[in-house]
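> Quick one, query-v2.pdb (PDB, C-alpha atoms):
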```
ATOM      1  CA  MET A   1      92.543  78.956  83.318
ATOM      2  CA  PRO A   2      94.421  78.366  86.602
ATOM      3  CA  ASP A   3      94.633  81.104  89.186
ATOM      4  CA  HIS A   4      97.851  83.085  89.217
ATOM      5  CA  GLN A   5      99.406  84.543  92.338
ATOM      6  CA  PHE A   6     100.440  88.158  91.886
ATOM      7  CA  SER A   7     102.286  90.566  94.119
ATOM      8  CA  PRO A   8     102.286  94.279  93.271
ATOM      9  CA  ARG A   9     105.620  95.819  92.402
ATOM     10  CA  PRO A  10     107.189  97.685  95.333
ATOM     11  CA  ALA A  11     107.483 101.434  94.822
ATOM     12  CA  GLY A  12     111.249 101.190  94.302
ATOM     13  CA  ALA A  13     110.906  98.422  91.723
ATOM     14  CA  ARG A  14     108.262 100.462  89.900
ATOM     15  CA  ALA A  15     110.651 103.405  89.592
ATOM     16  CA  GLN A  16     113.380 101.094  88.290
ATOM     17  CA  TRP A  17     110.940  99.652  85.739
ATOM     18  CA  ARG A  18     110.083 103.153  84.501
ATOM     19  CA  GLU A  19     113.794 103.887  84.119
ATOM     20  CA  PHE A  20     114.272 100.656  82.184
ATOM     21  CA  VAL A  21     111.453 101.267  79.703
ATOM     22  CA  ALA A  22     112.649 104.855  79.262
ATOM     23  CA  ARG A  23     116.050 103.537  78.150
ATOM     24  CA  LEU A  24     114.204 101.429  75.565
ATOM     25  CA  GLY A  25     112.676 104.611  74.150
ATOM     26  CA  PHE A  26     109.221 104.328  75.730
ATOM     27  CA  ARG A  27     107.693 107.362  77.415
ATOM     28  CA  THR A  28     105.018 108.077  79.995
ATOM     29  CA  GLY A  29     103.332 111.137  81.432
ATOM     30  CA  ALA A  30     100.672 113.745  80.796
ATOM     31  CA  SER A  31     103.141 115.842  78.783
ATOM     32  CA  LEU A  32     102.437 113.457  75.893
ATOM     33  CA  LEU A  33      98.767 114.427  75.755
ATOM     34  CA  PRO A  34      97.711 116.494  72.733
ATOM     35  CA  ALA A  35      96.972 120.077  73.694
ATOM     36  CA  ARG A  36      93.261 119.584  72.925
ATOM     37  CA  LEU A  37      91.325 116.425  73.542
ATOM     38  CA  ALA A  38      89.328 115.557  70.454
ATOM     39  CA  PRO A  39      85.547 115.192  70.686
ATOM     40  CA  ALA A  40      84.436 111.590  70.511
ATOM     41  CA  ASN A  41      83.601 110.389  67.030
ATOM     42  CA  THR A  42      80.450 108.250  67.134
ATOM     43  CA  GLY A  43      79.947 108.315  63.380
ATOM     44  CA  PRO A  44      80.389 105.373  61.032
ATOM     45  CA  GLU A  45      83.833 103.850  60.618
ATOM     46  CA  ARG A  46      85.577 104.591  57.361
ATOM     47  CA  GLY A  47      87.492 101.814  55.661
ATOM     48  CA  SER A  48      89.488 104.476  53.799
ATOM     49  CA  ASP A  49      91.226 105.276  57.086
ATOM     50  CA  MET A  50      92.900 101.875  57.016
ATOM     51  CA  GLN A  51      96.134 101.588  55.098
ATOM     52  CA  THR A  52      95.890  98.782  52.567
ATOM     53  CA  THR A  53      98.480  96.652  50.832
ATOM     54  CA  ASN A  54      97.492  98.294  47.529
ATOM     55  CA  GLU A  55      98.807 101.689  48.583
ATOM     56  CA  THR A  56     101.878 102.830  46.693
ATOM     57  CA  ALA A  57     105.083 103.983  48.314
ATOM     58  CA  GLU A  58     104.319 107.531  47.145
ATOM     59  CA  LYS A  59     101.205 107.600  49.339
ATOM     60  CA  SER A  60     103.086 106.593  52.502
ATOM     61  CA  ALA A  61     105.663 108.948  53.905
ATOM     62  CA  ALA A  62     108.705 107.602  55.716
ATOM     63  CA  LEU A  63     108.040 107.024  59.391
ATOM     64  CA  PRO A  64     109.438 109.856  61.539
ATOM     65  CA  GLU A  65     110.377 109.334  65.180
ATOM     66  CA  ALA A  66     107.981 106.624  66.300
ATOM     67  CA  LEU A  67     105.765 107.223  69.322
ATOM     68  CA  ARG A  68     106.472 104.647  72.035
ATOM     69  CA  LEU A  69     104.367 104.714  75.199
ATOM     70  CA  VAL A  70     104.197 102.513  78.285
ATOM     71  CA  ALA A  71     101.307 102.426  80.772
ATOM     72  CA  LEU A  72     101.790 101.166  84.332
ATOM     73  CA  ASP A  73      98.764 102.814  85.943
ATOM     74  CA  ALA A  74      95.447 104.477  85.085
ATOM     75  CA  GLU A  75      97.092 107.873  84.504
ATOM     76  CA  ASP A  76      99.557 106.420  82.003
ATOM     77  CA  LEU A  77      96.721 104.567  80.294
ATOM     78  CA  ALA A  78      94.823 107.845  79.845
ATOM     79  CA  VAL A  79      97.767 109.136  77.800
ATOM     80  CA  VAL A  80      97.721 106.024  75.624
ATOM     81  CA  SER A  81      93.957 106.394  75.226
ATOM     82  CA  CYS A  82      94.251 109.997  74.097
ATOM     83  CA  ASN A  83      96.873 109.185  71.487
ATOM     84  CA  LEU A  84      94.769 106.276  70.176
ATOM     85  CA  GLN A  85      91.457 108.131  70.151
ATOM     86  CA  ASP A  86      89.620 107.503  66.872
ATOM     87  CA  ALA A  87      92.060 104.812  65.804
ATOM     88  CA  VAL A  88      90.451 102.301  63.456
ATOM     89  CA  VAL A  89      90.948  98.597  64.117
ATOM     90  CA  ARG A  90      90.106  95.579  61.983
ATOM     91  CA  VAL A  91      88.556  92.744  63.956
ATOM     92  CA  ALA A  92      91.106  90.514  62.214
ATOM     93  CA  ASP A  93      93.874  92.505  63.935
ATOM     94  CA  VAL A  94      92.669  91.785  67.485
ATOM     95  CA  ALA A  95      94.026  88.764  69.365
ATOM     96  CA  PHE A  96      94.163  87.226  72.840
ATOM     97  CA  LEU A  97      96.997  84.804  73.642
ATOM     98  CA  PRO A  98      95.873  83.017  76.818
ATOM     99  CA  ARG A  99      99.117  81.130  77.429
ATOM    100  CA  GLN A 100     101.113  84.345  77.274
ATOM    101  CA  ARG A 101      98.298  86.207  79.071
ATOM    102  CA  ARG A 102      98.624  88.903  76.416
ATOM    103  CA  PHE A 103      95.969  90.860  74.502
ATOM    104  CA  ALA A 104      97.133  92.706  71.392
ATOM    105  CA  LEU A 105      95.753  94.749  68.541
ATOM    106  CA  LEU A 106      97.009  96.585  65.480
ATOM    107  CA  ALA A 107      95.401  99.925  64.636
ATOM    108  CA  SER A 108      95.573 102.839  62.241
ATOM    109  CA  ARG A 109      95.794 105.753  64.655
ATOM    110  CA  PHE A 110      95.030 109.373  63.850
ATOM    111  CA  ASP A 111      97.923 111.568  64.997
ATOM    112  CA  TRP A 112      96.263 114.350  67.004
ATOM    113  CA  VAL A 113      99.616 115.972  67.790
ATOM    114  CA  ALA A 114     100.406 116.233  64.066
ATOM    115  CA  ALA A 115      96.898 117.637  63.505
ATOM    116  CA  GLU A 116      97.697 120.494  65.887
ATOM    117  CA  ALA A 117     100.605 121.326  63.557
ATOM    118  CA  GLY A 118      98.275 121.322  60.544
ATOM    119  CA  ARG A 119      99.003 117.811  59.242
ATOM    120  CA  MET A 120      96.288 115.157  58.965
ATOM    121  CA  GLU A 121      98.077 111.835  59.214
ATOM    122  CA  ARG A 122      97.508 108.273  60.281
ATOM    123  CA  CYS A 123     100.067 105.682  61.288
ATOM    124  CA  ARG A 124     100.020 101.956  62.000
ATOM    125  CA  ALA A 125     100.397 101.362  65.724
ATOM    126  CA  GLY A 126     100.511  98.281  67.914
ATOM    127  CA  LEU A 127      99.086  98.017  71.427
ATOM    128  CA  HIS A 128      99.382  95.120  73.849
ATOM    129  CA  PHE A 129      98.449  94.375  77.452
ATOM    130  CA  ASP A 130     100.220  91.791  79.610
ATOM    131  CA  ASN A 131      98.959  89.978  82.733
ATOM    132  CA  VAL A 132      95.525  89.516  81.116
ATOM    133  CA  THR A 133      93.455  86.708  82.648
ATOM    134  CA  LYS A 134      90.186  87.057  80.717
ATOM    135  CA  VAL A 135      88.842  88.863  77.624
ATOM    136  CA  SER A 136      85.197  89.504  76.781
ATOM    137  CA  SER A 137      83.624  91.534  73.986
ATOM    138  CA  THR A 138      80.265  92.953  72.948
ATOM    139  CA  GLY A 139      78.720  94.713  69.964
ATOM    140  CA  PHE A 140      80.599  92.860  67.212
ATOM    141  CA  HIS A 141      81.220  89.322  65.966
ATOM    142  CA  ARG A 142      84.758  87.988  66.295
ATOM    143  CA  ASP A 143      84.208  85.858  63.170
ATOM    144  CA  ASP A 144      83.466  88.944  61.083
ATOM    145  CA  THR A 145      87.149  89.642  60.510
ATOM    146  CA  ALA A 146      86.499  92.263  57.813
ATOM    147  CA  SER A 147      84.644  94.550  60.235
ATOM    148  CA  VAL A 148      86.316  97.797  61.277
ATOM    149  CA  LEU A 149      85.983  99.242  64.779
ATOM    150  CA  ASN A 150      86.505 102.868  65.766
ATOM    151  CA  LEU A 151      88.262 103.190  69.136
ATOM    152  CA  LEU A 152      86.896 105.947  71.367
ATOM    153  CA  SER A 153      88.663 105.398  74.682
ATOM    154  CA  ILE A 154      90.633 103.059  76.928
ATOM    155  CA  ALA A 155      90.062 103.194  80.678
ATOM    156  CA  PHE A 156      90.995 101.225  83.787
ATOM    157  CA  GLU A 157      88.505 100.266  86.485
ATOM    158  CA  GLU A 158      90.306  99.095  89.613
ATOM    159  CA  THR A 159      88.755  96.233  91.578
ATOM    160  CA  GLU A 160      91.331  94.944  94.071
ATOM    161  CA  THR A 161      94.638  96.830  93.926
ATOM    162  CA  PRO A 162      96.456  96.501  91.608
ATOM    163  CA  ALA A 163      94.034  94.290  89.660
ATOM    164  CA  GLY A 164      91.056  95.537  87.701
ATOM    165  CA  THR A 165      89.406  95.767  84.311
ATOM    166  CA  VAL A 166      90.628  97.579  81.222
ATOM    167  CA  VAL A 167      87.700  98.751  79.071
ATOM    168  CA  LEU A 168      88.183  99.520  75.381
ATOM    169  CA  THR A 169      85.145 101.424  74.114
ATOM    170  CA  PHE A 170      84.357 101.599  70.400
ATOM    171  CA  SER A 171      81.674 103.498  68.510
ATOM    172  CA  GLY A 172      78.356 101.818  67.814
ATOM    173  CA  GLY A 173      78.140 100.218  71.251
ATOM    174  CA  ALA A 174      81.041  97.818  70.725
ATOM    175  CA  GLY A 175      83.511  97.136  73.494
ATOM    176  CA  ILE A 176      86.222  94.847  74.852
ATOM    177  CA  ARG A 177      86.881  94.161  78.548
ATOM    178  CA  LEU A 178      90.184  92.808  79.838
ATOM    179  CA  ASP A 179      90.515  91.386  83.328
ATOM    180  CA  VAL A 180      94.090  92.216  84.322
ATOM    181  CA  GLU A 181      96.283  91.589  87.343
ATOM    182  CA  CYS A 182      97.705  95.093  86.921
ATOM    183  CA  VAL A 183      98.037  97.797  84.260
ATOM    184  CA  ASP A 184     100.926  96.718  82.046
ATOM    185  CA  ALA A 185     100.605  98.015  78.488
ATOM    186  CA  GLN A 186     102.815  99.208  75.668
ATOM    187  CA  MET A 187     101.949 101.138  72.523
ATOM    188  CA  ARG A 188     104.265 101.961  69.654
ATOM    189  CA  ASP A 189     104.111 103.129  66.055
ATOM    190  CA  VAL A 190     105.108 100.234  63.833
ATOM    191  CA  GLY A 191     104.551 101.365  60.256
ATOM    192  CA  PRO A 192     104.686 104.203  57.738
ATOM    193  CA  ARG A 193     102.477 107.283  57.826
ATOM    194  CA  TRP A 194      99.971 108.364  55.213
ATOM    195  CA  SER A 195      97.682 111.334  54.694
ATOM    196  CA  ALA A 196      94.279 111.027  56.335
ATOM    197  CA  GLN A 197      91.277 111.850  54.160
ATOM    198  CA  HIS A 198      89.384 113.519  56.982
ATOM    199  CA  LYS A 199      89.758 114.621  60.587
ATOM    200  CA  PRO A 200      87.745 112.580  63.106
ATOM    201  CA  GLY A 201      85.300 114.302  65.421
ATOM    202  CA  HIS A 202      82.261 116.509  65.318
ATOM    203  CA  ALA A 203      81.359 120.151  65.172
ATOM    204  CA  ILE A 204      82.296 122.198  68.235
ATOM    205  CA  ASP A 205      78.661 122.168  69.368
ATOM    206  CA  ASP A 206      78.910 118.396  69.759
ATOM    207  CA  ALA A 207      82.078 118.516  71.852
ATOM    208  CA  PRO A 208      81.774 117.817  75.584
ATOM    209  CA  ASP A 209      81.728 120.851  77.836
ATOM    210  CA  GLU A 210      85.065 121.657  79.453
ATOM    211  CA  GLY A 211      85.296 120.517  83.021
ATOM    212  CA  LYS A 212      82.913 117.586  82.505
TER     213      LYS A 212
END
```
Now, as a test, write the supplied structure out as structure tokens.

Amino acid sequence: MPDHQFSPRPAGARAQWREFVARLGFRTGASLLPARLAPANTGPERGSDMQTTNETAEKSAALPEALRLVALDAEDLAVVSCNLQDAVVRVADVAFLPRQRRFALLASRFDWVAAEAGRMERCRAGLHFDNVTKVSSTGFHRDDTASVLNLLSIAFEETETPAGTVVLTFSGGAGIRLDVECVDAQMRDVGPRWSAQHKPGHAIDDAPDEGK
């Protein structure tokens, strides 16, 4: 892949970009974090958490106001990560488009905000990263398209500002690394909701200590 020259957005242009994506309905900021971060779920993935084409319309409620998030830095990406924690992803629904320099995936995310209101729900959500120059993975076989991964976190490791590596960590030691020229990601709900059969996570004793 040829090298690409990249210049970071000036501060003023960055503010204008945030205004633009806000007009499109995307949001950023720590205010979108659930009130309580869920403990990481390192247990086995459950295929029942994936919506299937055999589900009837009665099992899927109409989609309410869809969550639309944009991430332009590590802080924004932490918000996306929190809202996608314990999302389940089929390997078949992960793709890298080198010519477009875009990495994308489709997930069934657990809605932690709805859980705080007493509803256990999942929703189909799409996530993509732009300005991606390289993708590598570990802990799973890309040819095993029926496999299901459980997403634990998404983090950004800066190398040379604004470039760095986005790390998607899954349970069972699986992971995906994206070399990016900058953080440029969007997440949005794209499908109907359905009732989740269980709430991800562990007993309180297994939760990380506050402040760590």
> I'd like to know which of A:Leu106, A:Ala174, A:Val113, A:Val180 is closest to Thr159 of chain A, using all atoms listed in the file.
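Checking each of A:Leu106, A:Ala174, A:Val113, A:Val180 against Thr159 of chain A, counting all atoms listed in the file, the winner is A:Val180.
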> Just want the 9 Å neighbourhood of Thr165 of chain A, counted on all atoms listed in the file, with same-chain residues fewer than 5 positions away dropped. Output as a PyMOL selection string.
chain A and resi 155-159+177-183
> Residue by residue, what does the PyMOL selection byres ((chain A and resi 196) around 6) grab here? Present the result as a list in words.
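Here the PyMOL selection byres ((chain A and resi 196) around 6) matches Met120, Glu121, Arg122, Ser195, Gln197 and His198 of chain A.
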> Could you please determine the separation between atom CA of Phe170 of chain A and atom CA of Asp86 of chain A in Å, to one decimal place?
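Calculated distance between atom CA of Phe170 of chain A and atom CA of Asp86 of chain A is 8.7 Å.
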> Which one of A:Gln186, A:Asn83, A:Asn150, A:Ser137 sits closest to Ala114 of chain A if you count all atoms listed in the file?
A:Asn83
> When distances are computed from all atoms listed in the file, which of A:Ala92, A:Leu67, A:Pro192, A:Pro162 shows the smallest separation from His141 of chain A?
A:Ala92
> Find the distance between atom CA of Ala87 of chain A and atom CA of Arg99 of chain A and write it in Å to one decimal.
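It comes out at 27.3 Å.
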> Report, in Å with one decimal, the straight-line distance from atom CA of Gly139 of chain A to atom CA of Gly172 of chain A.
7.4 Å
